Amino acid sequence: MGSAVAKWFDSLGWEPNPFQREAWKAFAAGGDGLVQAPTGMGKTFAALGGVVDEACREGGKSKGLQVIWIAPIRALSKEIEASARRMLEGVGLDWQVGIRTGDTTAAERARQRRRLPEVLITTPESLHLLFCTADHAQHFASCRLLVVDEWHALLGSKRGVQVELAAAHLRRLAPELRTWGLTATIGNLEQALEVLCPAGGELVQSRAAKR
């Protein structure tokens, strides 16, 4: 695989896990899906690698919002931000990464109203508040990827319903949107996939034990 992400992995002496390759391939084919793998196995790179490769193939010219990453736990946002920045810098893609939660400063909110970053890490509640802005349809039309992290923690809850509604709204605004969920452990994988991706999607699982 000669993709930008695979070359970056190689430069670090890493070998992509089979489930990461499977997720990248499914994204490239235009598919939605759910990734299930133990914590620390690389689910973040599995979800982000496909859209990063796609942007690199296009010469990195895409600007505006490209990725919405829903993190239900605020503490998780910083970890995702660090991983996203590491991959983007590693492949040489000039994308901005930003966080939008209840803790975001007024100055940062004002900057985001003028221009959203290419990768926006947010919560279900903050995303719905962004939908209330007058020009949100224009800002969200360029989005290619919606990632729902810790989907097992949201499924079947009020916040899970917020995610389902947000995903449905985004699909109307962004014709190229693909939806991917991430989970470490969940018993009803098929149902979890069906709820998040009602039009169908691919279930990608890690078969390796965490070392």
# chains A, B, ... in the order shown; residues from 1 in each chain; ligands from 1
>>> residues_around(residues="Arg172 (chain A)", least_positions_apart="2", cutoff="12 Å", atoms="only C-alpha atoms", output="PyMOL selection string")
chain A and resi 137-138+140-143+165-170+174-178
>>> select_by_dssp(residues="region 67-192 of chain A", states="helix (DSSP H, G or I)", output="number ranges by chain")
A: 74-91, 106-114, 124-130, 136-140, 151-154, 158-173, 189-192
>>> atom_distance(atom1="CA of Leu65 (chain A)", atom2="CA of Trp95 (chain A)")
9.5 Å
>>> residues_around(residues="Glu15 (chain A)", least_positions_apart="5", cutoff="9 Å", atoms="only C-alpha atoms", output="ChimeraX atom specification")
/A:6,9-10
>>> write_last_selection(atoms="N, CA, C and O atoms", output="short mmCIF file (atom, residue, chain, number, x, y, z; two decimals), in the first residue's frame")
data_model
loop_
_atom_site.label_atom_id
_atom_site.label_comp_id
_atom_site.auth_asym_id
_atom_site.auth_seq_id
_atom_site.Cartn_x
_atom_site.Cartn_y
_atom_site.Cartn_z
N ALA A 6 0.35 5.07 4.99
CA ALA A 6 1.18 3.87 5.09
C ALA A 6 2.66 4.23 5.06
O ALA A 6 3.47 3.63 5.79
N PHE A 9 3.53 5.55 8.48
CA PHE A 9 3.69 4.42 9.40
C PHE A 9 5.07 3.79 9.21
O PHE A 9 5.78 3.51 10.18
N ASP A 10 5.44 3.58 7.96
CA ASP A 10 6.73 2.94 7.66
C ASP A 10 7.90 3.78 8.17
O ASP A 10 8.90 3.25 8.66
#
>>> residues_around(residues="Val52 (chain A)", least_positions_apart="5", cutoff="9 Å", atoms="only C-alpha atoms", output="PyMOL selection string")
chain A and resi 4-5+57+60+87-88+91+93
>>> residues_around(residues="region 148-158 of chain A", least_positions_apart="3", cutoff="7 Å", atoms="only C-alpha atoms", output="list in words")
Trp69, Ile70, Ala71, Val161, Gln162, Trp180, Gly181, Leu182, Thr183 and Ile186 of chain A
>>> write_last_selection(atoms="all heavy atoms", output="PDB file, in the first residue's frame")
ATOM      1  N   TRP A  69     -15.415  15.066  14.854  1.00  0.00           N
ATOM      2  CA  TRP A  69     -15.080  13.939  15.728  1.00  0.00           C
ATOM      3  C   TRP A  69     -15.819  14.131  17.050  1.00  0.00           C
ATOM      4  O   TRP A  69     -15.498  15.023  17.828  1.00  0.00           O
ATOM      5  CB  TRP A  69     -13.573  13.903  15.980  1.00  0.00           C
ATOM      6  CG  TRP A  69     -13.062  12.575  16.470  1.00  0.00           C
ATOM      7  CD1 TRP A  69     -13.356  11.985  17.662  1.00  0.00           C
ATOM      8  CD2 TRP A  69     -12.189  11.686  15.778  1.00  0.00           C
ATOM      9  NE1 TRP A  69     -12.719  10.769  17.767  1.00  0.00           N
ATOM     10  CE2 TRP A  69     -11.997  10.568  16.621  1.00  0.00           C
ATOM     11  CE3 TRP A  69     -11.547  11.732  14.537  1.00  0.00           C
ATOM     12  CZ2 TRP A  69     -11.174   9.497  16.252  1.00  0.00           C
ATOM     13  CZ3 TRP A  69     -10.745  10.668  14.181  1.00  0.00           C
ATOM     14  CH2 TRP A  69     -10.566   9.564  15.025  1.00  0.00           C
ATOM     15  N   ILE A  70     -16.818  13.303  17.301  1.00  0.00           N
ATOM     16  CA  ILE A  70     -17.593  13.405  18.529  1.00  0.00           C
ATOM     17  C   ILE A  70     -16.924  12.572  19.610  1.00  0.00           C
ATOM     18  O   ILE A  70     -16.776  11.354  19.480  1.00  0.00           O
ATOM     19  CB  ILE A  70     -19.047  12.947  18.315  1.00  0.00           C
ATOM     20  CG1 ILE A  70     -19.756  13.900  17.339  1.00  0.00           C
ATOM     21  CG2 ILE A  70     -19.791  12.885  19.647  1.00  0.00           C
ATOM     22  CD1 ILE A  70     -21.199  13.524  17.055  1.00  0.00           C
ATOM     23  N   ALA A  71     -16.495  13.262  20.671  1.00  0.00           N
ATOM     24  CA  ALA A  71     -15.871  12.610  21.820  1.00  0.00           C
ATOM     25  C   ALA A  71     -16.762  12.860  23.033  1.00  0.00           C
ATOM     26  O   ALA A  71     -16.856  13.996  23.500  1.00  0.00           O
ATOM     27  CB  ALA A  71     -14.473  13.168  22.058  1.00  0.00           C
ATOM     28  N   VAL A 161     -29.058   9.538  21.100  1.00  0.00           N
ATOM     29  CA  VAL A 161     -30.105  10.042  20.210  1.00  0.00           C
ATOM     30  C   VAL A 161     -29.665  11.368  19.593  1.00  0.00           C
ATOM     31  O   VAL A 161     -29.915  11.633  18.405  1.00  0.00           O
ATOM     32  CB  VAL A 161     -31.435  10.210  20.977  1.00  0.00           C
ATOM     33  CG1 VAL A 161     -32.482  10.892  20.091  1.00  0.00           C
ATOM     34  CG2 VAL A 161     -31.950   8.853  21.435  1.00  0.00           C
ATOM     35  N   GLN A 162     -28.988  12.206  20.386  1.00  0.00           N
ATOM     36  CA  GLN A 162     -28.454  13.462  19.843  1.00  0.00           C
ATOM     37  C   GLN A 162     -27.482  13.180  18.693  1.00  0.00           C
ATOM     38  O   GLN A 162     -27.481  13.886  17.681  1.00  0.00           O
ATOM     39  CB  GLN A 162     -27.737  14.244  20.940  1.00  0.00           C
ATOM     40  CG  GLN A 162     -28.644  14.915  21.946  1.00  0.00           C
ATOM     41  CD  GLN A 162     -27.865  15.711  22.970  1.00  0.00           C
ATOM     42  OE1 GLN A 162     -26.920  15.209  23.574  1.00  0.00           O
ATOM     43  NE2 GLN A 162     -28.242  16.956  23.173  1.00  0.00           N
ATOM     44  N   TRP A 180     -18.392   6.909  10.791  1.00  0.00           N
ATOM     45  CA  TRP A 180     -17.674   5.794  11.402  1.00  0.00           C
ATOM     46  C   TRP A 180     -17.744   5.897  12.921  1.00  0.00           C
ATOM     47  O   TRP A 180     -17.556   6.967  13.489  1.00  0.00           O
ATOM     48  CB  TRP A 180     -16.205   5.789  10.953  1.00  0.00           C
ATOM     49  CG  TRP A 180     -16.064   5.200   9.579  1.00  0.00           C
ATOM     50  CD1 TRP A 180     -16.265   5.841   8.389  1.00  0.00           C
ATOM     51  CD2 TRP A 180     -15.737   3.858   9.265  1.00  0.00           C
ATOM     52  NE1 TRP A 180     -16.090   4.970   7.338  1.00  0.00           N
ATOM     53  CE2 TRP A 180     -15.747   3.743   7.855  1.00  0.00           C
ATOM     54  CE3 TRP A 180     -15.423   2.729  10.027  1.00  0.00           C
ATOM     55  CZ2 TRP A 180     -15.475   2.541   7.200  1.00  0.00           C
ATOM     56  CZ3 TRP A 180     -15.141   1.537   9.384  1.00  0.00           C
ATOM     57  CH2 TRP A 180     -15.174   1.454   7.985  1.00  0.00           C
ATOM     58  N   GLY A 181     -18.041   4.772  13.552  1.00  0.00           N
ATOM     59  CA  GLY A 181     -18.059   4.691  15.001  1.00  0.00           C
ATOM     60  C   GLY A 181     -16.847   3.925  15.502  1.00  0.00           C
ATOM     61  O   GLY A 181     -16.308   3.068  14.794  1.00  0.00           O
ATOM     62  N   LEU A 182     -16.436   4.231  16.717  1.00  0.00           N
ATOM     63  CA  LEU A 182     -15.312   3.549  17.356  1.00  0.00           C
ATOM     64  C   LEU A 182     -15.773   3.013  18.698  1.00  0.00           C
ATOM     65  O   LEU A 182     -16.457   3.704  19.458  1.00  0.00           O
ATOM     66  CB  LEU A 182     -14.140   4.504  17.572  1.00  0.00           C
ATOM     67  CG  LEU A 182     -13.592   5.258  16.354  1.00  0.00           C
ATOM     68  CD1 LEU A 182     -12.440   6.159  16.774  1.00  0.00           C
ATOM     69  CD2 LEU A 182     -13.145   4.286  15.272  1.00  0.00           C
ATOM     70  N   THR A 183     -15.403   1.782  19.009  1.00  0.00           N
ATOM     71  CA  THR A 183     -15.763   1.193  20.291  1.00  0.00           C
ATOM     72  C   THR A 183     -14.709   0.186  20.716  1.00  0.00           C
ATOM     73  O   THR A 183     -14.123  -0.508  19.873  1.00  0.00           O
ATOM     74  CB  THR A 183     -17.149   0.513  20.225  1.00  0.00           C
ATOM     75  OG1 THR A 183     -17.481  -0.014  21.507  1.00  0.00           O
ATOM     76  CG2 THR A 183     -17.172  -0.616  19.206  1.00  0.00           C
ATOM     77  N   ILE A 186     -18.334  -3.837  23.173  1.00  0.00           N
ATOM     78  CA  ILE A 186     -19.793  -3.731  23.127  1.00  0.00           C
ATOM     79  C   ILE A 186     -20.340  -5.092  22.716  1.00  0.00           C
ATOM     80  O   ILE A 186     -19.755  -5.785  21.879  1.00  0.00           O
ATOM     81  CB  ILE A 186     -20.240  -2.614  22.140  1.00  0.00           C
ATOM     82  CG1 ILE A 186     -21.710  -2.276  22.322  1.00  0.00           C
ATOM     83  CG2 ILE A 186     -19.930  -2.972  20.718  1.00  0.00           C
ATOM     84  CD1 ILE A 186     -22.137  -1.014  21.576  1.00  0.00           C
TER      85      ILE A 186
END
>>> select_by_dssp(residues="region 41-120 of chain A", states="strand (DSSP E)", output="list in words")
Val67, Ile68, Trp69, Ile70, Val97, Gly98, Ile99, Arg100, Val119 and Leu120 of chain A
>>> write_last_selection(atoms="N, CA, C and O atoms", output="compact mmCIF listing (two decimals), in the first residue's frame")
# COMPACT_ATOMS: atom_id res chain seq x y z
N VAL A 67 -13.67 17.01 8.92
CA VAL A 67 -13.91 15.92 9.88
C VAL A 67 -14.58 16.48 11.13
O VAL A 67 -14.10 17.46 11.71
N ILE A 68 -15.66 15.85 11.55
CA ILE A 68 -16.26 16.11 12.86
C ILE A 68 -16.03 14.86 13.70
O ILE A 68 -16.40 13.75 13.31
N TRP A 69 -15.41 15.07 14.85
CA TRP A 69 -15.08 13.94 15.73
C TRP A 69 -15.82 14.13 17.05
O TRP A 69 -15.50 15.02 17.83
N ILE A 70 -16.82 13.30 17.30
CA ILE A 70 -17.59 13.40 18.53
C ILE A 70 -16.92 12.57 19.61
O ILE A 70 -16.78 11.35 19.48
N VAL A 97 -6.58 21.59 13.56
CA VAL A 97 -7.37 20.76 14.47
C VAL A 97 -7.87 21.64 15.60
O VAL A 97 -7.08 22.39 16.21
N GLY A 98 -9.16 21.60 15.88
CA GLY A 98 -9.72 22.41 16.96
C GLY A 98 -10.67 21.62 17.82
O GLY A 98 -11.18 20.57 17.42
N ILE A 99 -10.90 22.12 19.02
CA ILE A 99 -11.81 21.50 19.98
C ILE A 99 -12.94 22.47 20.29
O ILE A 99 -12.72 23.66 20.49
N ARG A 100 -14.17 21.94 20.33
CA ARG A 100 -15.33 22.76 20.67
C ARG A 100 -16.15 22.01 21.73
O ARG A 100 -16.86 21.06 21.42
N VAL A 119 -10.45 19.75 11.13
CA VAL A 119 -10.82 18.67 12.04
C VAL A 119 -11.38 19.30 13.31
O VAL A 119 -10.66 19.99 14.03
N LEU A 120 -12.65 19.06 13.58
CA LEU A 120 -13.31 19.64 14.75
C LEU A 120 -13.68 18.52 15.72
O LEU A 120 -14.46 17.63 15.38
>>> closest_residue(among="A:Gln36, A:Ser83, A:Thr185, A:Ser3", to="Glu202 (chain A)", atoms="only C-alpha atoms")
A:Gln36
>>> closest_residue(among="A:Ser206, A:Ser11, A:Gln66, A:Gln191", to="Gly40 (chain A)", atoms="only C-alpha atoms")
A:Ser206
>>> residues_around(residues="region 46-49 of chain A", least_positions_apart="3", cutoff="8 Å", atoms="only C-alpha atoms", output="number ranges by chain")
A: 5, 19-21, 23-24, 35, 42-43, 52-53, 84, 147, 180, 182
>>> write_last_selection(atoms="all heavy atoms", output="short mmCIF file (atom, residue, chain, number, x, y, z; two decimals), in the first residue's frame")
data_model
loop_
_atom_site.label_atom_id
_atom_site.label_comp_id
_atom_site.auth_asym_id
_atom_site.auth_seq_id
_atom_site.Cartn_x
_atom_site.Cartn_y
_atom_site.Cartn_z
N VAL A 5 -0.42 7.70 4.37
CA VAL A 5 -0.48 7.23 5.76
C VAL A 5 0.39 5.99 5.94
O VAL A 5 1.11 5.87 6.93
CB VAL A 5 -1.95 6.94 6.16
CG1 VAL A 5 -2.00 6.20 7.50
CG2 VAL A 5 -2.74 8.24 6.24
N PHE A 19 -6.93 -4.38 10.92
CA PHE A 19 -8.20 -3.66 11.02
C PHE A 19 -8.06 -2.21 10.58
O PHE A 19 -9.02 -1.61 10.07
CB PHE A 19 -8.77 -3.76 12.44
CG PHE A 19 -8.18 -2.82 13.45
CD1 PHE A 19 -8.72 -1.54 13.64
CD2 PHE A 19 -7.11 -3.20 14.23
CE1 PHE A 19 -8.18 -0.67 14.58
CE2 PHE A 19 -6.56 -2.34 15.17
CZ PHE A 19 -7.10 -1.08 15.35
N GLN A 20 -6.88 -1.62 10.75
CA GLN A 20 -6.67 -0.26 10.26
C GLN A 20 -6.69 -0.23 8.74
O GLN A 20 -7.35 0.64 8.14
CB GLN A 20 -5.33 0.28 10.79
CG GLN A 20 -5.32 0.52 12.29
CD GLN A 20 -3.95 0.89 12.82
OE1 GLN A 20 -2.93 0.34 12.39
NE2 GLN A 20 -3.90 1.83 13.76
N ARG A 21 -6.01 -1.16 8.12
CA ARG A 21 -6.02 -1.24 6.65
C ARG A 21 -7.44 -1.46 6.13
O ARG A 21 -7.86 -0.89 5.12
CB ARG A 21 -5.11 -2.37 6.17
CG ARG A 21 -3.62 -2.13 6.40
CD ARG A 21 -2.81 -3.27 5.79
NE ARG A 21 -1.39 -3.14 6.01
CZ ARG A 21 -0.56 -2.44 5.25
NH1 ARG A 21 -1.05 -1.77 4.22
NH2 ARG A 21 0.75 -2.39 5.51
N ALA A 23 -10.26 -0.58 7.56
CA ALA A 23 -11.04 0.65 7.71
C ALA A 23 -10.67 1.67 6.63
O ALA A 23 -11.54 2.32 6.04
CB ALA A 23 -10.82 1.25 9.10
N TRP A 24 -9.38 1.82 6.33
CA TRP A 24 -8.95 2.75 5.28
C TRP A 24 -9.53 2.36 3.93
O TRP A 24 -9.97 3.21 3.16
CB TRP A 24 -7.42 2.79 5.21
CG TRP A 24 -6.74 3.22 6.47
CD1 TRP A 24 -7.31 3.92 7.51
CD2 TRP A 24 -5.38 2.98 6.84
NE1 TRP A 24 -6.38 4.11 8.50
CE2 TRP A 24 -5.19 3.56 8.12
CE3 TRP A 24 -4.31 2.33 6.22
CZ2 TRP A 24 -3.96 3.50 8.79
CZ3 TRP A 24 -3.08 2.28 6.88
CH2 TRP A 24 -2.91 2.86 8.14
N VAL A 35 -15.68 0.45 13.96
CA VAL A 35 -14.42 -0.20 14.30
C VAL A 35 -14.46 -0.63 15.75
O VAL A 35 -14.72 0.18 16.64
CB VAL A 35 -13.22 0.75 14.09
CG1 VAL A 35 -11.93 0.09 14.56
CG2 VAL A 35 -13.11 1.16 12.62
N GLY A 42 -5.06 1.62 18.28
CA GLY A 42 -4.94 2.49 17.12
C GLY A 42 -6.24 2.78 16.40
O GLY A 42 -6.24 3.00 15.19
N LYS A 43 -7.36 2.84 17.14
CA LYS A 43 -8.64 3.13 16.49
C LYS A 43 -8.67 4.54 15.91
O LYS A 43 -9.29 4.77 14.87
CB LYS A 43 -9.80 2.93 17.48
CG LYS A 43 -10.03 1.51 17.92
CD LYS A 43 -11.32 1.35 18.70
CE LYS A 43 -11.30 2.09 20.01
NZ LYS A 43 -10.29 1.53 20.95
N VAL A 52 -7.45 11.24 5.53
CA VAL A 52 -6.14 11.87 5.33
C VAL A 52 -5.52 11.41 4.01
O VAL A 52 -4.99 12.22 3.24
CB VAL A 52 -5.22 11.56 6.53
CG1 VAL A 52 -3.77 11.94 6.21
CG2 VAL A 52 -5.70 12.30 7.77
N ASP A 53 -5.59 10.11 3.74
CA ASP A 53 -5.09 9.60 2.47
C ASP A 53 -5.82 10.23 1.28
O ASP A 53 -5.20 10.62 0.28
CB ASP A 53 -5.26 8.08 2.41
CG ASP A 53 -4.03 7.33 2.89
OD1 ASP A 53 -2.92 7.89 2.83
OD2 ASP A 53 -4.17 6.17 3.30
N ALA A 84 -4.36 13.32 16.13
CA ALA A 84 -4.69 13.89 14.82
C ALA A 84 -3.57 14.80 14.33
O ALA A 84 -3.16 14.72 13.16
CB ALA A 84 -6.01 14.66 14.90
N VAL A 147 -16.93 11.01 12.87
CA VAL A 147 -16.44 9.93 13.72
C VAL A 147 -17.12 10.04 15.08
O VAL A 147 -17.13 11.11 15.69
CB VAL A 147 -14.91 9.99 13.92
CG1 VAL A 147 -14.45 8.86 14.84
CG2 VAL A 147 -14.20 9.90 12.58
N TRP A 180 -18.39 6.91 10.79
CA TRP A 180 -17.67 5.79 11.40
C TRP A 180 -17.74 5.90 12.92
O TRP A 180 -17.56 6.97 13.49
CB TRP A 180 -16.21 5.79 10.95
CG TRP A 180 -16.06 5.20 9.58
CD1 TRP A 180 -16.27 5.84 8.39
CD2 TRP A 180 -15.74 3.86 9.27
NE1 TRP A 180 -16.09 4.97 7.34
CE2 TRP A 180 -15.75 3.74 7.85
CE3 TRP A 180 -15.42 2.73 10.03
CZ2 TRP A 180 -15.47 2.54 7.20
CZ3 TRP A 180 -15.14 1.54 9.38
CH2 TRP A 180 -15.17 1.45 7.98
N LEU A 182 -16.44 4.23 16.72
CA LEU A 182 -15.31 3.55 17.36
C LEU A 182 -15.77 3.01 18.70
O LEU A 182 -16.46 3.70 19.46
CB LEU A 182 -14.14 4.50 17.57
CG LEU A 182 -13.59 5.26 16.35
CD1 LEU A 182 -12.44 6.16 16.77
CD2 LEU A 182 -13.14 4.29 15.27
#
>>> residues_around(residues="Asp94 (chain A)", least_positions_apart="6", cutoff="10 Å", atoms="only C-alpha atoms", output="MDAnalysis selection string")
chainID A and resid 56 60:63 85 88 118
>>> closest_residue(among="A:Ile121, A:Ala199, A:Val163, A:Ala184", to="Lys78 (chain A)", atoms="only C-alpha atoms")
A:Ile121
